[in-house]
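Before any comments, here is the structure.
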Amino acid sequence: MKWYDSPKVLRVLSVAIIISACSINATGKPIPKHGLHFETPSQTWDEAIPLGNGLLGALVWGDGAPLKISLDRTDLWDLRPVPEFHTKEYSYKTMRQWVKEGRITDLHRLYDKPYGNAGPTKIPAGRIEVTIGNSPVFEKASLNLVEAAATVQFGGQNKVRVFTHATEPVGMILIDSSEPITLKLLAPPFAGKITDEAGPGKISAGDLASLRYNAPLESNGDNWTGYLQEGWGGFKFAVSVVWQKSQNNWLAAWSITTSKESNNPLQLARENCQKALSTGFTRSINTHRNWWDSFWNNSSVSVPNAVIERQWYLEMYKFGSATRPDTPPITLQGPWTADNGKIPPWKGDYHHDLNTQLSYWPAYSGNQLQGALGYVNWLWDTRKTAKAWTKRFFDLPGLNVPMTADLQQEQIGGWHQYTHSATTAAWLAHHFYLHWRYSMDRQFLKERAYPWLEDTSIFLEAVTEMGPGGNPPLTFSSLPWIYDKRLKGLVPGVKNYYVPLKRTALVKNDGHAGVVRTRKETNHWHQVLSEMPDLVIDPQSKKMLVAKDYPLKDSHRHFSHLMAIHPLGMIRWENGPQDQAIIKASMADLEQKGTSQWCGYSFSWLANMAARARDGEQAEKALEIFSTAFCLRSSFHCNGDQSGKGYSNFRYRPFTLEGNFASAAGLQEMLLQSYSGTIIVFPAIPPAWKDVSFTTLRAEGAFLVSAERRDGLTRHVKILAEKEGLCRLENPFVNSQFKTEGIPKNMVQQKDNELHIKMSPGRQVTLVRIN
């Protein structure tokens with residue numbers, strides 16, 4: 001029996017099916033049931049209603065005595081350096097020598113222990129507390145996805161509406177009530193009493209007070225309040241709330257500013273608030289709503305599983321709240337840093353061994369490239385810091401990136417074999433490639449994607465040592481978190497994490513060198529690529545191994561040894577029986593090992609892989625378990641199993657976002673794939689899904705695709721080209737006739753099981769089933 005055929009999973013499925021039968025989304029757009037609806041108040045920050053605009057974030061929670069609005073800004077960081085990483089013993093050469101000598105205590109002292117320092121870390125901005133009258137009675141709270149606004153209803157028809165403006169650096173609070181309103185603005189307890197000193201070995205390093213900032217400078221007026229907080233190194237930020245009263249309502253605006261914007265950040269924050277109040281609530285929320293209307297018009301889905309459909313809309317809402325082209329990229333918690341007096345889980349940092357990468361998976365086929373630009377723009381803007389670190393630590397040319405990083409891309413430490421991995425930039429290079437393939441922006445290819453690939457390839461070539469007979473041994477590398485921080489995590493031989501990442505970077509570099517570089521450079525990278533070892537496949541079972549003579553021994557949360565299947569797509573179902581056998585055997589091996597050591601994001605990742613394996617049922621069940629067992633009611637992924645049904649032995653609840661966004665990508669993989677160069681609509685649909693549709697999902701080649709499946713058959717496919725190119729579509733009308741709209745049918749060439757259409761920018765083609 002497979003893990004997803006167990007009675008407890010089937011109970012989850014039965015609930016989902018009942019819900020689905022009652023509520024199929026006919027429009028494909030967000031509807032009220034997609035949002036959040038609370039009949040009891042949220043009493044913790046991680047179960048709050050999230051709001052955000054990429055720069056500012058807010059969490060709405062509490063029972064009204066008071067109602068709490070936790071505030072955040074994504075560029076608020078303590079950026080103190082790590083002293084240990086500027087010593088003579090901090091080097092790749094020394095690390096290798098210590099590993100060889102078994103000096104695990106020294107390795108932990110130099111690499112792991114500094115991660116327990118109070119800083120560097122992401123920091124929160126504070127909290128607004130609002131109380132209506134003397135004894136407010138909570139009735140309900142909700143999040144409307146269409147207008148990206150929270151509403152909290154109290155007794156006596158007292159109502160609070162909150163939103164973070166989509167395009168302005170403010171949030172607004174409207175309270176419909178004739179009762180007196182009490183407001184408090186609370187700074188984070190940076191100067192409070194330390195009860196939990198920062199230290200190593202904790203998910204949250206300790207109290208915020210461990211940072212040892214001075215108390216903020218607080219200011220107040222008749223209709224405003226604010227504070228100026230100084231952090232590490234003279235960095236300052238300010239928070240202000242300004243309000244106005246009328247007979248039946250109370251309107252406030254809040255803003256967060258920094259010393260990087262103004263010499264007087266508190267004054268700037270007040271000016272932002274006053275401008276918003278002058279604009280008024282109605283006009284402000286209308287312009288805010290215009291941005292979200294445009295966002296939701298980018299893509300939509302409609303599937304008969306209401307649990308999965310709702311989760312997709314919640315994830316895309318959070319993606320829209322957490323990303324912009326010109327704001328910092330998504331950290332572990334995005335714009336929703338912990339509001340519990342503690343340093344955020346895992347410092348709220350940038351983890352580049354899975355977390356940042358998975359967070360941007362839905363951007364590409366989800367047609368949200370503007371949000372993804374914030375990621376690659378930041379990687380590009382911080383590459384000089386990364387290259388300097390590469391030279392300082394590895395003493396090698398080219399580009400690598402710290403696996404755990406702060407806002408400036410500085411290394412902040414952790415388990416040595418992962419935080420100082422040689423392959424981090426290679427995985428990040430894949431996102432530069434994806435952005436190029438989905439946008440077909442040749443300027444981006446020439447000025448961003450290829451230079452990143454080239455610098456990464458220079459480093460990979462330099463760090464690879466040739467063994468006897470010219471074979472690269474690749475001995476000093478590891479797979480994320482296998483054996484945690486123990487020395488045996490550095491398993492010997494060729495590894496199925498290192499090899500596909502390096503091969504992918506070199507393949508993309510080699511394949512595009514001729515576009516922007518000389519023939520000599522092209523030949524060089526072709527030669528380097530030819531020297532790479534093959535993937536490690538067990539000759540009997542055909543499953544992928546962790547490393548040569550080293551199978552996956554136990555359940556594990558990170559599928560690093562299967563990255564050649566997904567996300568890199570080196571081993572493809574479309575390649576035929578040989579690759580299919582490898583995929584089937586590898587997936588069966590995961591099932592055999594079980595899910596006891598999985599986190600929530602493992603189920604999200606499994607859904608993506610199952611979709612690549614054309615197994616819609618497995619993908620559906622993985623997404624359902626993720627949604628029902630590993631998400632809090634706020635929809636935040638909390639890593640551990642909250643269901644009590646034994647899906648995982650991890651029962652903790654630190655909130656991180658990568659599982660959320662990977663789950664959205666999993667549904668998109670079920671609906672549309674194009675990584676092989678051929679567009680496939682509905683590649684992994686469960687047989688029970690008779691009626692399915694999506695609009696303007698994005699395919700590689702810069703094609704926007706819409707399709708509808710009704711009564712188990714694909715009825716139409718619409719393709720809009722943004723760039724010129726040949727569109728290759730796996731024929732969705734096998735053994736049936738179809739007609740074309742937009743072009744004569746003779747312009748559609750049938751080749752084997754594919755339809756080929758020459759497209760020009762702006763051309764739209766619709767293919768419609770006739771019988």
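Note on naming: chains are A, B, ... as they come in the structure tokens, residues start from 1 per chain, ligands start from 1 in the order shown.
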Against segment 176-185 of chain A, which residues of segment 75-168 of chain A fall within 6 Å? For each one I want the closest pair of atoms and the distance in Å (one decimal), counting only C-alpha atoms, rows by chain and increasing residue number, as a Markdown table.
```
| residue | atom | partner | partner_atom | distance |
| --- | --- | --- | --- | --- |
| A:Arg127 | CA | A:Leu185 | CA | 5.9 |
| A:Ile128 | CA | A:Leu185 | CA | 4.7 |
| A:Glu129 | CA | A:Lys184 | CA | 5.1 |
| A:Val130 | CA | A:Leu183 | CA | 4.6 |
| A:Thr131 | CA | A:Thr182 | CA | 5.1 |
| A:Ile132 | CA | A:Ile181 | CA | 4.9 |
| A:Gly133 | CA | A:Pro180 | CA | 5.2 |
| A:Asn158 | CA | A:Ser177 | CA | 5.0 |
| A:Lys159 | CA | A:Asp176 | CA | 5.2 |
```
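With only C-alpha atoms as the atoms that count, the residue of A:Gly366, A:Gly54, A:Gly280, A:Pro124 with the shortest distance to Pro325 of chain A is A:Gly54.
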Segment 242-289 of chain A residues near segment 294-299 of chain A within 12 Å, closest pair each, using only C-alpha atoms, as a Markdown table:
```
| residue | atom | partner | partner_atom | distance |
| --- | --- | --- | --- | --- |
| A:Thr287 | CA | A:Ser294 | CA | 11.1 |
| A:His288 | CA | A:Ser294 | CA | 10.4 |
| A:Arg289 | CA | A:Ser294 | CA | 8.6 |
```
With only C-alpha atoms counted and 12 Å as the cut-off, give the residues of segment 717-757 of chain A in contact with segment 437-452 of chain A, each with its shortest interatomic distance in Å and the pair that gives it, as a tab-separated table.
```
residue	atom	partner	partner_atom	distance
A:Ala721	CA	A:Ser439	CA	10.6
A:Glu722	CA	A:Ser439	CA	8.2
A:Lys723	CA	A:Met440	CA	6.9
A:Glu724	CA	A:Met440	CA	9.1
A:Gly725	CA	A:Met440	CA	9.6
```
Keeping C-alpha atoms, export the residues of the selection given above as an mmCIF file, in the first residue's frame.
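again25.cif, freshly written:
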```cif
data_model
loop_
_atom_site.group_PDB
_atom_site.id
_atom_site.type_symbol
_atom_site.label_atom_id
_atom_site.label_comp_id
_atom_site.auth_asym_id
_atom_site.auth_seq_id
_atom_site.Cartn_x
_atom_site.Cartn_y
_atom_site.Cartn_z
ATOM 1 C CA ALA A 721 2.726 34.859 -28.195
ATOM 2 C CA GLU A 722 4.727 37.656 -26.610
ATOM 3 C CA LYS A 723 7.793 36.914 -28.753
ATOM 4 C CA GLU A 724 8.504 35.430 -32.134
ATOM 5 C CA GLY A 725 9.180 31.729 -32.179
#
```
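Minimum atom-to-atom distances from A:Arg283, A:Lys593, A:Arg383, A:Arg698 to Pro551 of chain A were compared using only C-alpha atoms, and the lowest value belongs to A:Lys593.
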Checklist entry - Per DSSP on the backbone, what are the helix (DSSP H, G or I) residues of segment 90-184 of chain A, as an MDAnalysis selection string? => result chainID A and resid 92:101 104:116 155:157
Write the residues of the selection above to a file with N, CA, C and O atoms, as a compact mmCIF listing (two decimals), in the first residue's frame.
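Output file result-v3.txt is given in full below:
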```
# COMPACT_ATOMS: atom_id res chain seq x y z
N TYR A 92 38.40 27.76 2.68
CA TYR A 92 38.01 26.47 2.11
C TYR A 92 39.12 25.44 2.34
O TYR A 92 38.85 24.28 2.70
N LYS A 93 40.35 25.87 2.17
CA LYS A 93 41.48 24.97 2.35
C LYS A 93 41.54 24.45 3.78
O LYS A 93 41.70 23.24 4.02
N THR A 94 41.39 25.35 4.74
CA THR A 94 41.44 24.94 6.15
C THR A 94 40.24 24.08 6.50
O THR A 94 40.36 23.09 7.25
N MET A 95 39.06 24.41 5.99
CA MET A 95 37.88 23.60 6.26
C MET A 95 38.09 22.17 5.78
O MET A 95 37.78 21.20 6.48
N ARG A 96 38.64 22.01 4.60
CA ARG A 96 38.89 20.68 4.07
C ARG A 96 39.90 19.93 4.93
O ARG A 96 39.75 18.73 5.18
N GLN A 97 40.92 20.65 5.39
CA GLN A 97 41.93 20.00 6.22
C GLN A 97 41.31 19.55 7.55
O GLN A 97 41.59 18.45 8.03
N TRP A 98 40.47 20.37 8.14
CA TRP A 98 39.84 20.00 9.40
C TRP A 98 38.91 18.80 9.21
O TRP A 98 38.82 17.95 10.09
N VAL A 99 38.20 18.78 8.08
CA VAL A 99 37.34 17.61 7.81
C VAL A 99 38.20 16.35 7.71
O VAL A 99 37.87 15.30 8.27
N LYS A 100 39.31 16.45 7.00
CA LYS A 100 40.21 15.31 6.84
C LYS A 100 40.74 14.83 8.18
O LYS A 100 40.88 13.62 8.42
N GLU A 101 41.01 15.77 9.09
CA GLU A 101 41.56 15.43 10.40
C GLU A 101 40.47 15.12 11.43
O GLU A 101 40.78 14.78 12.58
N ILE A 104 35.85 18.04 14.27
CA ILE A 104 34.45 18.47 14.24
C ILE A 104 34.19 19.60 15.24
O ILE A 104 33.38 20.50 14.97
N THR A 105 34.88 19.60 16.38
CA THR A 105 34.67 20.67 17.36
C THR A 105 35.10 22.01 16.79
O THR A 105 34.40 23.03 16.96
N ASP A 106 36.22 22.05 16.09
CA ASP A 106 36.67 23.29 15.47
C ASP A 106 35.73 23.73 14.35
O ASP A 106 35.47 24.92 14.18
N LEU A 107 35.23 22.77 13.59
CA LEU A 107 34.29 23.10 12.52
C LEU A 107 33.02 23.72 13.09
O LEU A 107 32.52 24.73 12.56
N HIS A 108 32.50 23.16 14.17
CA HIS A 108 31.30 23.73 14.79
C HIS A 108 31.59 25.10 15.39
O HIS A 108 30.75 26.01 15.31
N ARG A 109 32.75 25.24 15.98
CA ARG A 109 33.11 26.54 16.59
C ARG A 109 33.18 27.65 15.55
O ARG A 109 32.66 28.76 15.78
N LEU A 110 33.79 27.37 14.41
CA LEU A 110 34.02 28.42 13.42
C LEU A 110 32.81 28.67 12.52
O LEU A 110 32.54 29.81 12.15
N TYR A 111 32.05 27.62 12.18
CA TYR A 111 31.00 27.76 11.18
C TYR A 111 29.59 27.73 11.77
O TYR A 111 28.72 28.51 11.37
N ASP A 112 29.36 26.82 12.70
CA ASP A 112 28.01 26.61 13.21
C ASP A 112 27.67 27.55 14.36
O ASP A 112 26.60 28.17 14.38
N LYS A 113 28.57 27.70 15.32
CA LYS A 113 28.29 28.50 16.51
C LYS A 113 27.95 29.95 16.19
O LYS A 113 27.03 30.53 16.81
N PRO A 114 28.61 30.62 15.23
CA PRO A 114 28.25 32.02 14.95
C PRO A 114 26.81 32.23 14.50
O PRO A 114 26.28 33.33 14.65
N TYR A 115 26.18 31.17 13.98
CA TYR A 115 24.78 31.32 13.58
C TYR A 115 23.89 31.56 14.78
O TYR A 115 22.77 32.06 14.64
N GLY A 116 24.37 31.22 15.97
CA GLY A 116 23.63 31.48 17.18
C GLY A 116 23.83 32.88 17.74
O GLY A 116 23.19 33.25 18.73
N GLY A 155 -19.03 43.12 18.07
CA GLY A 155 -20.42 43.36 18.43
C GLY A 155 -20.79 44.82 18.35
O GLY A 155 -19.93 45.71 18.38
N GLY A 156 -22.09 45.06 18.24
CA GLY A 156 -22.57 46.43 18.14
C GLY A 156 -22.28 47.07 16.80
O GLY A 156 -22.19 48.30 16.70
N GLN A 157 -22.10 46.26 15.76
CA GLN A 157 -21.82 46.72 14.40
C GLN A 157 -20.52 47.53 14.31
O GLN A 157 -20.38 48.38 13.44
```
Next on the checklist: Need the shell around segment 40-47 of chain A: protein/DNA/RNA residues with any atom at most 7 Å away, counting only C-alpha atoms. Skip same-chain ones fewer than 5 positions apart. Format as number ranges by chain?
Outcome noted: A: 59, 61-63, 138, 140, 338-339, 632-634
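Straight-line separation from atom CA of His37 of chain A to atom CA of Ile123 of chain A: 28.8 Å.
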